[in-house]
Amino acid sequence: MTLIILFWIFAILLILFIISLLSVGIFFLIKGNQNKMENLIVIGIGFISMVIGFIGSFVFNLGFAFQEIFVFIGFVLLVVFTNMTFYKGIKSKAKTVLIVTVILGIIQLILMTLQVYFSINTYYFRVTLDVPYTFLVFNWMAWSSYSMYQKIKNKNIQPWIKLRYKLVAFVSFILSFNNIPEYFQPKGTTWGDPDNIISLAVFGTTAVISVIFAIGFCLAWMMPNGLKKFFNRNYQLLDEKEYTEEELMNLIRDQLASRDN
Amino acid sequence: MGDLLAQKINISPPAARGLIKLSIKDELGPFKPYNQIDFEDLKKTFENSLKRRLIKLEVQECESILDYLLDELFLNQSLITIGGV
């Protein structure tokens with residue numbers, strides 16, 4: 001009985017994860033369209049793609065291969081988002097990360113096809129490669145966000161922006177370990193089977209990690225204005241005098257002249 | 001970016017921010033909302049209209065100042081997204 005209750009708690013967490021992912025995906029699409037930010041549209045499509053994969057697999061029983069295709073699209077788009085947001089025009093490892101992600105994703109699809117359509121047991125090999133695949137996608141985002149936070153943490157920037165960097169880094173780092181529990185999934189058991197405590201524990205760990213990511217990511221990106229104001233409570237927002245163009249240019253000329261004297 | 005420009009040419013930060021805002025207006029027109037300005041817009045602004053204004057103001061070593069600002073823009077580009085949503 002306890003195991004069945006636990007199963008439902010974990011299932012509810014997973015539903016919460018999917019709903020949060022869908023909400024933040026739609027939010028990104030709307031904001032990307034409003035602010036003409038292509039990178040937000042990319043990540044929005046990425047999240048919605050993953051949701052289609054999960055719903056197709058869990059709700060409509062279209063299978064893990066179906067899920068894997070949409071997760072692959074989602075993961076690649078997440079890396080594209082990270083590259084577009086942090087590394088446009090900069091010499092970095094961005095392209096390498098994208099290429100490796102695509103290769104690992106294609107390997108996942110091939111191994112999944114072998115298992116589903118040719119009944120070849122590729123489970124542990126697939127999970128072994130799934131760990132670096134997930135780790136790379138989310139750690140790349142986590143690392144990019146964390147290293148940027150380190151650069152700006154002592155600068156005169158609104159605290160809620162610093163918090164967003166920290167939150168994105170933290171929850172992405174957590175999710176990068178999401179596939180490790182899959183190693184412990186017992187053979188021949190359905191994922192999350194309430195009759196098998198190990199399978200249930202694997203399901204539960206995955207659900208908890210996923211929901212931490214989804215809620216943290218939603219909070220980071222969909223932060224209400226009231227919360228932004230709360231984090232900014234000790235920050236002095238700039239309230240600058242408006243100058244006409246002529247006044248401003250004269251002011252700058254005066255300041256440049258006094259500097260030269 | 002305004003603060004960095006202010007340090008480089010030794011004027012007050014509000015004046016430097018105003019100069020960048022004027023340059024944005026020159027480059028993108030008066031009706032583009034600030035929250036729709038992306039990385040490419042800012043890059044173009046620095047390379048064209050800000051450069052013209054600095055030359056007009058007879059700021060010395062204008063090229064090296066602009067190179068520095070562009071480097072900083074590249075390094076801090078994520079702020080446009082992270083701080084703009």
# chains A, B, ... in the order shown; residues from 1 in each chain; ligands from 1

call {"tool": "interface_residues", "arguments": {"of": "chain A", "to": "chain B", "cutoff": "8 Å", "atoms": "only C-alpha atoms", "output": "list in words"}}
result
Lys31, Gln34, Asn35, Lys36, Met37, Thr85, Phe86, Tyr87, Lys88, Gly89, Ile90, Met148, Ile161, Arg164, Tyr165, Trp221, Glu240, Glu245, Leu248, Met249, Leu251, Ile252, Arg253, Gln255, Leu256 and Arg259 of chain A

call {"tool": "select_by_dssp", "arguments": {"residues": "chain B", "states": "helix (DSSP H, G or I)", "output": "PyMOL selection string"}}
result
chain B and resi 2-9+13-28+34-36+39-56+62-75+78-82

call {"tool": "atom_distance", "arguments": {"atom1": "CA of Phe31 in chain B", "atom2": "CA of Lys228 in chain A"}}
result
26.7 Å

call {"tool": "atom_distance", "arguments": {"atom1": "CA of Arg126 in chain A", "atom2": "CA of Ile45 in chain A"}}
result
25.5 Å

call {"tool": "atom_distance", "arguments": {"atom1": "CA of Ile106 in chain A", "atom2": "CA of Gly216 in chain A"}}
result
29.0 Å

call {"tool": "residues_around", "arguments": {"residues": "Gly2 in chain B", "least_positions_apart": "2", "cutoff": "7 Å", "atoms": "only C-alpha atoms", "output": "ChimeraX atom specification"}}
result
/B:4-6,13,16-17,20
